Amino acid sequence: PLPFELPEITAEQQRQLDVGERVQFQSDMGREGSGFVVLDVRAPPDVVWKCLLDFQSYPSTIPTVRDVTMYTNTHLSGDYRSERPLAFEDGGMATLEPGVPSATRAAFTLSKFRLKIAAIHKYTPHPVGDYMIFTLDPACTNLVLKSAKGVWHTQSNPDGKGEDYTRVWLLCEVKVSRLLPQWITDYAARRAMPRATTWLKPQVEAANVLWLSKKGRNAR
């Protein structure tokens with residue numbers, strides 16, 4: 001079994017998926033809240049995971065990500081700032097490929113405010129559908145943001161659409177301090193999930209077209 005539960009999709013949400021729309025649900029945040037986004041893309045799971053695991057390309061594919069620095073992960077329970085930055089070319093990074101388990105940590109600079117957020121990503125292949133759990137690096141939890149956790153998960157051939165389709169889930173949980181005004185919490189949550197997911201469908205489907213084109217040329 002998967003180490004998490006997928007939400008039940010309502011009839012209206014299923015209708016949205018059937019017509020190719022992205023579904024988003026957000027609980028009443030309060031100080032602890034959760035939400036999810038689910039969408040279908042026309043690409044096999046391997047292509048989806050190539051995009052999700054390509055952290056180095058996030059600044060060019062996700063509008064809110066300004067830059068990314070990968071780090072060693074010798075002590076995942078410790079502060080990322082005690083680790084060594086990794087250059088993509090130095091060969092010290094984990095193998096980030098579909099079907100290969102990996103644990104990585106990265107620091108992202110987000111939005112025009114240059115907000116620095118570091119996260120730990122643990123990718124796991126699974127017969128039911130691969131998943132990647134990401135959590136805030138210990139350096140990023142503070143008096144305001146107590147904790148945050150998310151899961152990317154893929155399902156092949158959703159609703160019998162075909163093997164060239166994948167259903168992609170993003171599940172999120174967050175816990176914030178009472179010091180933070182409620183309206184800020186709700187506003188941030190409403191904006192965060194679309195920004196984290198709207199890039200995926202066009203990027204993945206474009207990558208799949210390119211992959212199919214290369215595969216066709218190589219078969220000649």
# chains A, B, ... in the order shown; residues from 1 in each chain; ligands from 1

$ residues_around --residues "Ser156 in chain A" --least-positions-apart "5" --cutoff "12 Å" --atoms "only C-alpha atoms" --output "VMD selection string"
chain A and resid 40 to 48 126 to 130 161 to 169

$ closest_residue --among "A:Leu52, A:Glu32, A:Thr69, A:Glu8" --to "Trp199 in chain A" --atoms "only C-alpha atoms"
A:Leu52

$ residues_around --residues "His121 in chain A" --least-positions-apart "3" --cutoff "12 Å" --atoms "only C-alpha atoms" --output "ChimeraX atom specification"
/A:52-55,70-71,73,76,94,96,101-107,118,124,131-137,149-152

$ residues_around --residues "range 56-61 of chain A" --least-positions-apart "3" --cutoff "10 Å" --atoms "only C-alpha atoms" --output "MDAnalysis selection string"
chainID A and resid 51:53 64:70 87:88 106 108:110 199:200 202:203

$ closest_residue --among "A:Tyr123, A:Asp79, A:Glu21, A:Ile62" --to "Thr154 in chain A" --atoms "only C-alpha atoms"
A:Tyr123

$ select_by_dssp --residues "range 40-204 of chain A" --states "strand (DSSP E or B)" --output "MDAnalysis selection string"
chainID A and resid 40:41 65:71 85:86 102:110 115:124 131:136 145:156 166:176

$ select_by_dssp --residues "range 58-208 of chain A" --states "alpha helix (DSSP H)" --output "list in words"
Tyr58, Pro59, Ser60, Thr61, Gln182, Trp183, Ile184, Thr185, Asp186, Tyr187, Ala188, Ala189, Arg190, Arg191, Ala192, Met193, Pro194, Arg195, Ala196, Thr197, Leu200, Lys201, Pro202, Gln203, Val204, Glu205, Ala206, Ala207 and Asn208 of chain A

$ write_last_selection --atoms "C-alpha atoms" --output "JSON list (two decimals), in the first residue's frame"
[["chain", "number", "residue", "atom", "x", "y", "z"],
["A", 58, "TYR", "CA", 12.88, 24.50, -12.19],
["A", 59, "PRO", "CA", 13.94, 28.16, -12.68],
["A", 60, "SER", "CA", 13.18, 27.89, -16.40],
["A", 61, "THR", "CA", 9.98, 25.84, -16.07],
["A", 182, "GLN", "CA", -5.78, 34.16, 9.06],
["A", 183, "TRP", "CA", -6.25, 36.10, 5.82],
["A", 184, "ILE", "CA", -2.55, 35.80, 5.00],
["A", 185, "THR", "CA", -2.68, 32.04, 5.53],
["A", 186, "ASP", "CA", -5.71, 31.63, 3.25],
["A", 187, "TYR", "CA", -4.32, 33.95, 0.58],
["A", 188, "ALA", "CA", -0.96, 32.19, 0.50],
["A", 189, "ALA", "CA", -2.57, 28.75, 0.27],
["A", 190, "ARG", "CA", -4.87, 29.80, -2.58],
["A", 191, "ARG", "CA", -1.95, 31.14, -4.60],
["A", 192, "ALA", "CA", 0.63, 28.49, -3.73],
["A", 193, "MET", "CA", -1.06, 25.40, -5.17],
["A", 194, "PRO", "CA", -1.83, 26.87, -8.62],
["A", 195, "ARG", "CA", 1.72, 28.21, -8.88],
["A", 196, "ALA", "CA", 3.09, 24.81, -7.93],
["A", 197, "THR", "CA", 1.08, 22.93, -10.56],
["A", 200, "LEU", "CA", 3.31, 20.90, -15.17],
["A", 201, "LYS", "CA", 0.78, 20.03, -17.88],
["A", 202, "PRO", "CA", 2.25, 22.17, -20.70],
["A", 203, "GLN", "CA", 5.82, 21.27, -19.74],
["A", 204, "VAL", "CA", 5.19, 17.52, -19.51],
["A", 205, "GLU", "CA", 3.13, 17.34, -22.70],
["A", 206, "ALA", "CA", 5.73, 19.34, -24.63],
["A", 207, "ALA", "CA", 8.48, 17.05, -23.29],
["A", 208, "ASN", "CA", 6.45, 14.01, -24.35]]
